[in-house]
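Student: Sharing a structure below in C-alpha coordinates format, with a few things to ask.
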Amino acid sequence: MKLLIAEDEKDLNDIIAKKLRAENFSVECVYNGEDAYHYLSAAPYDAAILDIMMPGMDGLETVRRLRADGIATPVLFLTARDTVADKVKGLNTGASDYLVKPFSFDELIARIYAVTRTAAGSPSSALSIADLTVDVQSHTVTRAGREITLTAKEFALLEYLVRNQNRVLSRQKIEDHVWNFDYEGGTNVVDVYITYLRKKIDEGFSSRLIHTVRGVGYMMKEEKK
(Lines give C-alpha, C1' and ligand atoms only; values in the text may rest on other atoms or scores of the structure.)
Protein backbone atom coordinates (compact mmCIF):
# COMPACT_ATOMS: atom_id res chain seq x y z
CA MET A 1 0.00 0.00 0.00
CA LYS A 2 1.08 3.55 -0.66
CA LEU A 3 0.82 5.86 2.35
CA LEU A 4 1.43 9.55 3.01
CA ILE A 5 2.64 10.72 6.42
CA ALA A 6 2.14 14.36 7.43
CA GLU A 7 3.78 15.01 10.79
CA ASP A 8 5.73 18.16 11.64
CA GLU A 9 7.92 16.47 14.28
CA LYS A 10 10.66 15.25 11.95
CA ASP A 11 12.04 12.60 14.30
CA LEU A 12 8.60 11.06 14.81
CA ASN A 13 7.87 11.32 11.08
CA ASP A 14 11.13 9.49 10.32
CA ILE A 15 10.45 6.77 12.90
CA ILE A 16 6.94 6.09 11.61
CA ALA A 17 8.15 6.01 8.01
CA LYS A 18 11.01 3.65 8.83
CA LYS A 19 8.75 1.22 10.68
CA LEU A 20 6.09 1.27 7.96
CA ARG A 21 8.67 0.65 5.24
CA ALA A 22 9.94 -2.30 7.27
CA GLU A 23 6.38 -3.65 7.01
CA ASN A 24 6.54 -3.32 3.20
CA PHE A 25 4.45 -0.17 2.87
CA SER A 26 5.43 2.42 0.27
CA VAL A 27 5.73 5.69 2.19
CA GLU A 28 6.11 9.37 1.34
CA CYS A 29 6.59 12.04 3.99
CA VAL A 30 5.67 15.72 4.34
CA TYR A 31 5.84 18.03 7.34
CA ASN A 32 2.86 20.37 7.04
CA GLY A 33 -0.78 20.37 6.00
CA GLU A 34 -0.34 22.38 2.83
CA ASP A 35 2.12 19.88 1.37
CA ALA A 36 -0.14 17.01 2.48
CA TYR A 37 -3.05 18.59 0.64
CA HIS A 38 -1.03 19.01 -2.56
CA TYR A 39 0.37 15.46 -2.46
CA LEU A 40 -3.04 13.89 -1.82
CA SER A 41 -4.60 16.03 -4.55
CA ALA A 42 -1.94 15.12 -7.11
CA ALA A 43 -1.70 11.32 -6.78
CA PRO A 44 -3.66 8.35 -5.41
CA TYR A 45 -2.75 6.99 -1.97
CA ASP A 46 -4.28 4.05 -0.13
CA ALA A 47 -4.32 6.05 3.11
CA ALA A 48 -2.86 9.12 4.82
CA ILE A 49 -1.59 9.53 8.38
CA LEU A 50 -1.98 13.15 9.47
CA ASP A 51 -1.05 14.99 12.61
CA ILE A 52 -3.70 17.55 13.59
CA MET A 53 -1.43 20.25 14.99
CA MET A 54 0.81 21.29 12.09
CA PRO A 55 2.18 24.70 11.04
CA GLY A 56 0.12 26.63 8.51
CA MET A 57 -2.79 24.47 7.44
CA ASP A 58 -3.61 22.02 10.24
CA GLY A 59 -4.80 18.45 9.77
CA LEU A 60 -8.47 19.32 10.20
CA GLU A 61 -8.39 21.98 7.48
CA THR A 62 -6.41 19.65 5.22
CA VAL A 63 -9.11 16.99 5.44
CA ARG A 64 -11.90 19.55 4.99
CA ARG A 65 -10.34 20.73 1.72
CA LEU A 66 -9.74 17.20 0.49
CA ARG A 67 -13.33 16.17 1.14
CA ALA A 68 -14.63 19.38 -0.46
CA ASP A 69 -12.61 18.44 -3.56
CA GLY A 70 -14.16 14.98 -3.60
CA ILE A 71 -10.94 13.20 -2.57
CA ALA A 72 -11.92 10.22 -0.43
CA THR A 73 -8.49 8.91 0.59
CA PRO A 74 -8.83 7.33 4.07
CA VAL A 75 -7.23 9.56 6.72
CA LEU A 76 -6.00 8.43 10.11
CA PHE A 77 -5.38 11.30 12.54
CA LEU A 78 -2.45 11.08 14.95
CA THR A 79 -2.74 13.60 17.76
CA ALA A 80 -2.11 14.34 21.41
CA ARG A 81 -5.68 15.63 21.75
CA ASP A 82 -7.59 12.89 23.57
CA THR A 83 -10.96 14.30 24.63
CA VAL A 84 -14.18 12.89 23.24
CA ALA A 85 -14.98 16.31 21.75
CA ASP A 86 -11.66 16.33 19.89
CA LYS A 87 -12.25 12.84 18.50
CA VAL A 88 -15.78 13.70 17.41
CA LYS A 89 -14.55 16.86 15.70
CA GLY A 90 -11.85 14.94 13.84
CA LEU A 91 -14.21 12.22 12.67
CA ASN A 92 -16.92 14.70 11.68
CA THR A 93 -14.36 16.57 9.58
CA GLY A 94 -14.02 13.49 7.41
CA ALA A 95 -11.26 11.42 9.00
CA SER A 96 -11.60 7.64 8.95
CA ASP A 97 -10.01 7.01 12.35
CA TYR A 98 -8.27 8.75 15.24
CA LEU A 99 -5.24 7.52 17.21
CA VAL A 100 -3.94 9.31 20.31
CA LYS A 101 -0.22 9.83 20.98
CA PRO A 102 1.67 8.04 22.39
CA PHE A 103 0.49 5.01 20.46
CA SER A 104 1.44 1.42 19.87
CA PHE A 105 2.95 0.82 16.44
CA ASP A 106 1.10 -2.52 16.23
CA GLU A 107 -2.16 -0.64 16.78
CA LEU A 108 -1.23 1.88 14.08
CA ILE A 109 -0.65 -0.97 11.60
CA ALA A 110 -3.96 -2.60 12.56
CA ARG A 111 -5.84 0.67 12.11
CA ILE A 112 -4.24 1.31 8.71
CA TYR A 113 -5.44 -2.09 7.52
CA ALA A 114 -8.88 -1.44 9.03
CA VAL A 115 -9.44 1.91 7.28
CA THR A 116 -8.20 0.56 3.93
CA ARG A 117 -10.44 -2.52 4.22
CA THR A 118 -13.41 -0.26 4.92
CA ALA A 119 -12.55 1.97 1.96
CA ALA A 120 -12.26 -1.07 -0.31
CA GLY A 121 -15.48 -2.60 1.02
CA SER A 122 -13.57 -5.74 2.04
CA PRO A 123 -14.10 -7.46 5.43
CA SER A 124 -10.62 -9.01 5.41
CA SER A 125 -7.07 -8.26 4.31
CA ALA A 126 -7.40 -10.63 1.34
CA LEU A 127 -8.13 -9.25 -2.12
CA SER A 128 -9.22 -11.60 -4.87
CA ILE A 129 -10.12 -11.91 -8.52
CA ALA A 130 -10.99 -15.20 -10.17
CA ASP A 131 -8.67 -17.83 -8.61
CA LEU A 132 -6.06 -15.27 -7.53
CA THR A 133 -5.82 -14.17 -3.88
CA VAL A 134 -3.60 -11.38 -2.59
CA ASP A 135 -3.33 -11.01 1.19
CA VAL A 136 -2.00 -7.53 1.84
CA GLN A 137 -1.34 -8.18 5.52
CA SER A 138 0.62 -11.42 5.25
CA HIS A 139 2.09 -10.45 1.85
CA THR A 140 1.17 -13.78 0.31
CA VAL A 141 -0.15 -14.49 -3.18
CA THR A 142 -1.81 -17.66 -4.40
CA ARG A 143 -3.43 -18.64 -7.67
CA ALA A 144 -5.49 -21.82 -7.93
CA GLY A 145 -3.97 -22.86 -4.61
CA ARG A 146 -0.41 -22.40 -5.83
CA GLU A 147 1.74 -19.98 -3.82
CA ILE A 148 3.52 -17.34 -5.91
CA THR A 149 6.65 -15.53 -4.73
CA LEU A 150 6.91 -11.84 -5.65
CA THR A 151 9.42 -9.09 -4.95
CA ALA A 152 8.21 -6.13 -2.86
CA LYS A 153 7.72 -3.97 -5.96
CA GLU A 154 5.94 -6.74 -7.88
CA PHE A 155 3.63 -7.21 -4.90
CA ALA A 156 2.89 -3.48 -4.73
CA LEU A 157 2.05 -3.42 -8.43
CA LEU A 158 -0.17 -6.50 -8.21
CA GLU A 159 -1.98 -5.14 -5.16
CA TYR A 160 -2.71 -1.88 -6.98
CA LEU A 161 -4.03 -3.74 -10.03
CA VAL A 162 -6.25 -6.01 -7.95
CA ARG A 163 -7.60 -3.13 -5.86
CA ASN A 164 -8.59 -1.46 -9.13
CA GLN A 165 -9.75 -4.54 -10.99
CA ASN A 166 -11.94 -3.87 -14.05
CA ARG A 167 -10.55 -0.33 -14.27
CA VAL A 168 -8.11 0.83 -16.91
CA LEU A 169 -4.98 2.25 -15.28
CA SER A 170 -2.63 4.43 -17.30
CA ARG A 171 1.12 3.86 -17.10
CA GLN A 172 1.48 7.27 -15.45
CA LYS A 173 -1.11 6.47 -12.80
CA ILE A 174 0.56 3.16 -12.03
CA GLU A 175 4.00 4.76 -11.82
CA ASP A 176 2.72 7.55 -9.54
CA HIS A 177 1.18 5.00 -7.19
CA VAL A 178 3.77 2.24 -7.07
CA TRP A 179 6.90 4.37 -7.40
CA ASN A 180 7.52 7.53 -5.39
CA PHE A 181 7.57 11.06 -6.82
CA ASP A 182 11.37 11.16 -6.68
CA TYR A 183 11.77 8.01 -8.79
CA GLU A 184 14.20 8.58 -11.65
CA GLY A 185 14.28 5.16 -13.28
CA GLY A 186 13.61 4.22 -16.86
CA THR A 187 10.50 5.43 -18.66
CA ASN A 188 9.40 1.85 -19.39
CA VAL A 189 9.57 0.66 -15.77
CA VAL A 190 5.83 -0.10 -15.68
CA ASP A 191 6.00 -2.23 -18.83
CA VAL A 192 9.02 -4.11 -17.46
CA TYR A 193 7.28 -4.95 -14.19
CA ILE A 194 4.04 -5.89 -15.93
CA THR A 195 6.10 -8.41 -17.92
CA TYR A 196 7.57 -9.78 -14.68
CA LEU A 197 4.09 -10.13 -13.18
CA ARG A 198 2.61 -11.81 -16.24
CA LYS A 199 5.27 -14.52 -16.10
CA LYS A 200 4.37 -15.26 -12.49
CA ILE A 201 0.63 -14.60 -12.45
CA ASP A 202 -0.62 -15.65 -15.90
CA GLU A 203 1.86 -18.09 -17.43
CA GLY A 204 0.83 -21.70 -16.90
CA PHE A 205 -2.80 -20.86 -16.14
CA SER A 206 -5.78 -21.33 -18.42
CA SER A 207 -6.92 -17.70 -18.35
CA ARG A 208 -5.19 -14.31 -18.30
CA LEU A 209 -5.87 -11.74 -15.62
CA ILE A 210 -3.54 -8.91 -16.70
CA HIS A 211 -4.68 -7.22 -19.91
CA THR A 212 -3.16 -4.49 -22.07
CA VAL A 213 -5.42 -1.65 -23.17
CA ARG A 214 -3.60 -0.37 -26.22
CA GLY A 215 -2.60 3.26 -26.08
CA VAL A 216 -3.82 3.61 -22.50
CA GLY A 217 -2.33 1.19 -20.00
CA TYR A 218 -3.32 -1.99 -18.20
CA MET A 219 -6.32 -3.62 -16.57
CA MET A 220 -6.78 -6.53 -14.19
CA LYS A 221 -9.92 -8.44 -15.07
CA GLU A 222 -11.25 -11.97 -15.21
CA GLU A 223 -11.17 -13.40 -18.73
CA LYS A 224 -14.60 -14.66 -19.68
CA LYS A 225 -14.71 -18.04 -21.36
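By order in the C-alpha coordinates, chains are A, B, ...; within a chain, residues start at 1; ligands start at 1, following the order shown.
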Residues within 10 Å of range 175-178 of chain A, please, as JSON, numbers by chain. Count only C-alpha atoms; anything in the same chain fewer than 4 positions from it doesn't count.
Tutor: {"A": [1, 2, 3, 26, 42, 43, 44, 45, 46, 153, 154, 155, 156, 157, 158, 159, 160, 169, 170, 171, 182, 183, 187, 188, 189, 190]}
Student: Quick one: residues within 12 Å of Thr151 in chain A, only C-alpha atoms counted, chain neighbours fewer than 6 positions away excluded, as a list in words?
Tutor: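 So the residues in contact are Asn24, His139, Thr140, Val141, Leu157, Leu158, Tyr193, Tyr196, Leu197 and Lys200 of chain A.
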Student: Store the residues picked out above, limited to N, CA and C atoms, as a PDB file, in the first residue's frame.
Tutor:
```pdb
ATOM      1  N   ASN A  24       6.779  -3.245   4.649  1.00  0.00           N
ATOM      2  CA  ASN A  24       6.542  -3.321   3.196  1.00  0.00           C
ATOM      3  C   ASN A  24       5.511  -2.334   2.670  1.00  0.00           C
ATOM      4  N   HIS A 139       1.266 -10.565   3.062  1.00  0.00           N
ATOM      5  CA  HIS A 139       2.090 -10.450   1.852  1.00  0.00           C
ATOM      6  C   HIS A 139       2.263 -11.801   1.165  1.00  0.00           C
ATOM      7  N   THR A 140       1.151 -12.509   1.013  1.00  0.00           N
ATOM      8  CA  THR A 140       1.174 -13.783   0.306  1.00  0.00           C
ATOM      9  C   THR A 140       0.258 -13.703  -0.913  1.00  0.00           C
ATOM     10  N   VAL A 141       0.631 -14.441  -1.943  1.00  0.00           N
ATOM     11  CA  VAL A 141      -0.146 -14.488  -3.182  1.00  0.00           C
ATOM     12  C   VAL A 141      -0.327 -15.941  -3.580  1.00  0.00           C
ATOM     13  N   LEU A 157       2.709  -3.596  -7.142  1.00  0.00           N
ATOM     14  CA  LEU A 157       2.046  -3.419  -8.431  1.00  0.00           C
ATOM     15  C   LEU A 157       0.819  -4.315  -8.538  1.00  0.00           C
ATOM     16  N   LEU A 158       0.965  -5.582  -8.143  1.00  0.00           N
ATOM     17  CA  LEU A 158      -0.171  -6.497  -8.212  1.00  0.00           C
ATOM     18  C   LEU A 158      -1.302  -6.038  -7.300  1.00  0.00           C
ATOM     19  N   TYR A 193       7.833  -4.241 -15.338  1.00  0.00           N
ATOM     20  CA  TYR A 193       7.280  -4.953 -14.187  1.00  0.00           C
ATOM     21  C   TYR A 193       5.974  -5.673 -14.524  1.00  0.00           C
ATOM     22  N   TYR A 196       7.195  -8.908 -15.793  1.00  0.00           N
ATOM     23  CA  TYR A 196       7.566  -9.782 -14.682  1.00  0.00           C
ATOM     24  C   TYR A 196       6.325 -10.435 -14.061  1.00  0.00           C
ATOM     25  N   LEU A 197       5.308  -9.620 -13.819  1.00  0.00           N
ATOM     26  CA  LEU A 197       4.092 -10.131 -13.183  1.00  0.00           C
ATOM     27  C   LEU A 197       3.387 -11.161 -14.056  1.00  0.00           C
ATOM     28  N   LYS A 200       4.670 -14.587 -13.746  1.00  0.00           N
ATOM     29  CA  LYS A 200       4.369 -15.263 -12.486  1.00  0.00           C
ATOM     30  C   LYS A 200       2.879 -15.489 -12.258  1.00  0.00           C
TER      31      LYS A 200
END
```
Student: Neighbouring residues of range 5-14 of chain A were defined as those with any atom within 6 Å, considering only C-alpha atoms; residues of the same chain fewer than 2 positions away were excluded. Please report them as a list in words.
Tutor: Ile16, Ala17, Cys29, Val30, Tyr31, Asn32, Ala48, Ile49, Leu50, Asp51 and Met54 of chain A
Student: Could you list, as a list of chain:residue names, every residue within 12 Å of Arg111 in chain A, counting only C-alpha atoms and ignoring same-chain residues fewer than 3 positions away?
Tutor: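 Here the qualifying residues turn out to be A:Ala47, A:Ala48, A:Ile49, A:Pro74, A:Val75, A:Leu76, A:Phe77, A:Leu78, A:Ser96, A:Asp97, A:Tyr98, A:Leu99, A:Phe103, A:Ser104, A:Phe105, A:Asp106, A:Glu107, A:Leu108, A:Ala114, A:Val115, A:Thr116, A:Arg117, A:Thr118, A:Ser125, A:Gln137.
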Student: Interatomic distance between CA of Ala80 in chain A and CA of Leu20 in chain A?
Tutor: 20.5 Å
Student: Would you compute the distance between CA of Thr212 in chain A and CA of Lys224 in chain A? Give it in Å to one decimal.
Tutor: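 Computed distance, CA of Thr212 in chain A to CA of Lys224 in chain A, equals 15.5 Å.
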Student: Pull the strand (DSSP E or B) assignments for range 128-220 of chain A out of DSSP run on the backbone, and list those residues as a PyMOL selection string.
Tutor: chain A and resi 128-129+132-135+140-143+146-148+169-170+210-213+217-220
